[in-house]
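These notes concern the structure reproduced below.
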Amino acid sequence: MAKRERVMRMSVEQPLWRALTGYRVLTLFYAIGLFVAKNDEFIRPEVAIGYYVLLSVWTFATLPKVANAQNCTKPFLAADLTVALTGILLTPVADAHDRIVAGGPTLPSIWTAGAVLAFAIKGGWRWAAFASALVGVANVLQRGALSEDTLHNVLLVWVASIAIGYVVEVARASERTLARALEIEAATRERERLARDIHDGVLQVLAMVQRRGSAIGGEAAELGRLAGEQEVALRTLVSGGLVPVSRLSEDEAQGAVVRAVDEPDPQDDSALRDLRPLLAPYASARVTFSEPGTPVPLAAGAARELAAAVGAALDNVRRHVGEDARAWILVEDEPDEVIVSVRDDGPGIPEGRLAQAEGEGRLGVALSIRGRLREIGGTAELISVPGQGTEVELKVPKNVPAHVSQDVPRNVRDPKASKGPEGARGKAEKA
């Protein structure tokens, strides 16, 4: 059985959570050790003892909360910072004023930095700046003045927490980029595997049916023709490369997790859309589609109207040249515009025929092709030489307005909804 590759959950920040867990426990013992060594100098040691009991219970009870980003919620962060700030503000109550002025540590000591670092790992540098600012204000209040030592300690915590928060944000962005790259690689390998299997089986059978049907003739020839069209459609499908592969992360705080395909809203005319997927389904056994190897971005509304105009041109080929006519679609991506040419091998259009058709009320070219292009700021030019076929050249500037006028009939062709491999046929009457 073939194995499929998938992107597993990644999180380079997980070691930071484990380090924070150890830091909180170690700094708890450090703060308690400082108190034990100097407890005789406290004016109200019972206040300090009560706080350390609370701090010990809180630290060990909340170890699961700092194990990962999911457990570390906003209410927990607020409560954790409150415990730290309470210890800072209780210091003047428990300790002698002279020791505080001389630079003595607060009750939670460096345990407070753990609460600030939790903000940094969870929410980035902005959250860290907010938490460290509150800690700085509390330190100034408990000392009664902004001394040099106090300013030094406050700035140290502030800069360190912001730096760690920024590093975490960069790491998350790198994770998401790596996850998208790995997913693209896995999808490409899977597509190549499927393409090999299909080529070795289904495509070869369809090609054989087409050849044998053409040789036998009669109903078998029709079956062979259908097999050839399905072969072209299937080759277009397995060739891939036309479907967006960017992914969304399930939870930014937990690293990059591939969950959904990020596809543009087909109804959003302001979004850019690759023109190639709209034109590729028109390819068939008698319609050759040539495209650039890179996406051809256009505003979604303009791309739909251009695809509809191409479909109208192909309908004209089938109507006036015949079902057996061959046609070629060529897409050119220029710096300032997109050019799509539709050429056939028919007898060409007699001089004056288009003007006569418009006079008789048949407005296929006038509305379905030129009208659509005009509404999106483009142009349509017909080049026809008797005996040498007809070429329709459609040009659309890339800076077309996102909004497409509603005055134009929006029966936009969706080739995928077609009943046949050559796409849906337009309802407008063709010239």
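Just so we're on the same page: first chain in the structure tokens is A, next is B, and so on; residues restart at 1 for each chain, and ligands are numbered from 1 in the order they show up.
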Legend entry - Contacts of Leu85 of chain A within 8 Å, only C-alpha atoms, excl. fewer than 3 positions in-chain, as JSON, numbers by chain: {"A": [81, 82, 88, 89, 112, 135, 138]}
How would the residues just chosen look if you wrote them out with N, CA and C atoms as a PDB file, in the first residue's frame?
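Saved as part.pdb:
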```pdb
ATOM      1  N   LEU A  81      -0.108  37.047  36.715  1.00  0.00           N
ATOM      2  CA  LEU A  81       0.522  38.356  36.876  1.00  0.00           C
ATOM      3  C   LEU A  81       0.016  39.049  38.137  1.00  0.00           C
ATOM      4  N   THR A  82      -1.245  38.816  38.484  1.00  0.00           N
ATOM      5  CA  THR A  82      -1.799  39.398  39.712  1.00  0.00           C
ATOM      6  C   THR A  82      -1.079  38.863  40.940  1.00  0.00           C
ATOM      7  N   ILE A  88       4.837  41.866  44.991  1.00  0.00           N
ATOM      8  CA  ILE A  88       5.666  43.081  44.941  1.00  0.00           C
ATOM      9  C   ILE A  88       5.099  44.149  45.862  1.00  0.00           C
ATOM     10  N   LEU A  89       3.793  44.365  45.821  1.00  0.00           N
ATOM     11  CA  LEU A  89       3.161  45.418  46.621  1.00  0.00           C
ATOM     12  C   LEU A  89       3.097  45.068  48.101  1.00  0.00           C
ATOM     13  N   THR A 112       8.869  36.777  39.432  1.00  0.00           N
ATOM     14  CA  THR A 112       8.009  37.674  38.655  1.00  0.00           C
ATOM     15  C   THR A 112       8.330  37.624  37.171  1.00  0.00           C
ATOM     16  N   VAL A 135       4.682  45.433  35.815  1.00  0.00           N
ATOM     17  CA  VAL A 135       5.660  45.043  36.837  1.00  0.00           C
ATOM     18  C   VAL A 135       6.552  46.232  37.202  1.00  0.00           C
ATOM     19  N   ALA A 138       4.631  48.584  39.504  1.00  0.00           N
ATOM     20  CA  ALA A 138       4.512  48.016  40.852  1.00  0.00           C
ATOM     21  C   ALA A 138       5.823  48.153  41.627  1.00  0.00           C
TER      22      ALA A 138
END
```
Inset, instruction - Considering only C-alpha atoms, return as an NGL selection string whatever protein or nucleic-acid residues lie within 9 Å of Val168 of chain A, sequence-local ones (same chain, fewer than 4 positions apart) excluded. - result: :A and (12-13 or 120-125 or 163-164 or 172-173)
File dump, residues just selected, C-alpha atoms, as a PDB file, in the first residue's frame:
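Dumped everything to again.pdb:
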```pdb
ATOM      1  CA  VAL A  12       9.784  25.211  18.043  1.00  0.00           C
ATOM      2  CA  GLU A  13       8.365  27.174  20.977  1.00  0.00           C
ATOM      3  CA  ALA A 120       5.898  36.854  25.835  1.00  0.00           C
ATOM      4  CA  ILE A 121       5.694  33.206  24.745  1.00  0.00           C
ATOM      5  CA  LYS A 122       1.923  33.219  24.477  1.00  0.00           C
ATOM      6  CA  GLY A 123       1.261  36.553  22.802  1.00  0.00           C
ATOM      7  CA  GLY A 124       4.529  37.933  21.460  1.00  0.00           C
ATOM      8  CA  TRP A 125       6.400  41.119  22.177  1.00  0.00           C
ATOM      9  CA  ALA A 163      13.169  40.281  22.823  1.00  0.00           C
ATOM     10  CA  ILE A 164      11.871  36.793  23.676  1.00  0.00           C
ATOM     11  CA  ARG A 172       6.040  30.987  14.377  1.00  0.00           C
ATOM     12  CA  ALA A 173       6.248  32.715  11.018  1.00  0.00           C
TER      13      ALA A 173
END
```
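Neighbouring residues of Ile339 of chain A at 6 Å or closer, counting only C-alpha atoms and skipping chain neighbours under 6 positions away, are Val331, Glu332, Leu394 and Lys395 of chain A.
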For the selection you just gave me, I'd like the residues written to a file as a compact mmCIF listing (two decimals), in the first residue's frame, keeping all heavy atoms.
```
# COMPACT_ATOMS: atom_id res chain seq x y z
N VAL A 331 -2.44 31.70 -24.33
CA VAL A 331 -2.45 32.72 -23.26
C VAL A 331 -1.05 33.33 -23.17
O VAL A 331 -0.06 32.61 -23.04
CB VAL A 331 -2.84 32.10 -21.91
CG1 VAL A 331 -2.81 33.18 -20.82
CG2 VAL A 331 -4.20 31.46 -21.98
N GLU A 332 -0.98 34.66 -23.22
CA GLU A 332 0.28 35.38 -23.11
C GLU A 332 0.18 36.36 -21.93
O GLU A 332 -0.73 37.18 -21.89
CB GLU A 332 0.58 36.15 -24.40
CG GLU A 332 0.70 35.26 -25.63
CD GLU A 332 0.90 36.07 -26.91
OE1 GLU A 332 2.04 36.45 -27.20
OE2 GLU A 332 -0.13 36.33 -27.59
N LEU A 394 -7.96 38.72 -27.65
CA LEU A 394 -8.58 39.38 -26.50
C LEU A 394 -7.49 39.94 -25.61
O LEU A 394 -6.58 39.22 -25.19
CB LEU A 394 -9.43 38.38 -25.71
CG LEU A 394 -10.42 37.55 -26.53
CD1 LEU A 394 -11.08 36.50 -25.66
CD2 LEU A 394 -11.47 38.44 -27.19
N LYS A 395 -7.56 41.24 -25.33
CA LYS A 395 -6.56 41.91 -24.51
C LYS A 395 -7.24 42.54 -23.29
O LYS A 395 -8.23 43.26 -23.43
CB LYS A 395 -5.82 43.00 -25.29
CG LYS A 395 -5.01 42.47 -26.47
CD LYS A 395 -4.27 43.61 -27.17
CE LYS A 395 -3.43 43.11 -28.34
NZ LYS A 395 -2.70 44.21 -29.02
```
Inset, instruction - Skip Thr106 of chain A itself and residues of its chain fewer than 4 positions away, then list as number ranges by chain all residues within 9 Å of it, counting only C-alpha atoms. - result: A: 31, 87-92, 95, 100, 110, 139, 142
Those selected residues, please, written with C-alpha atoms and delivered as a PDB file, in the first residue's frame.
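Saved result, result10.pdb, follows:
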```pdb
ATOM      1  CA  ALA A  31      12.708  33.414  46.587  1.00  0.00           C
ATOM      2  CA  GLY A  87       3.850  39.948  46.124  1.00  0.00           C
ATOM      3  CA  ILE A  88       5.666  43.081  44.941  1.00  0.00           C
ATOM      4  CA  LEU A  89       3.161  45.418  46.621  1.00  0.00           C
ATOM      5  CA  LEU A  90       3.182  43.352  49.858  1.00  0.00           C
ATOM      6  CA  THR A  91       6.946  43.729  50.204  1.00  0.00           C
ATOM      7  CA  PRO A  92       6.775  47.078  52.111  1.00  0.00           C
ATOM      8  CA  ASP A  95      10.036  43.899  54.966  1.00  0.00           C
ATOM      9  CA  ILE A 100      13.809  48.055  50.512  1.00  0.00           C
ATOM     10  CA  ILE A 110      12.882  36.925  40.087  1.00  0.00           C
ATOM     11  CA  ASN A 139       8.244  48.090  41.627  1.00  0.00           C
ATOM     12  CA  GLN A 142       6.647  49.536  46.478  1.00  0.00           C
TER      13      GLN A 142
END
```
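Taking atom CA of Ser214 of chain A as the reference point, atom CA of Pro281 of chain A is found at 23.8 Å.
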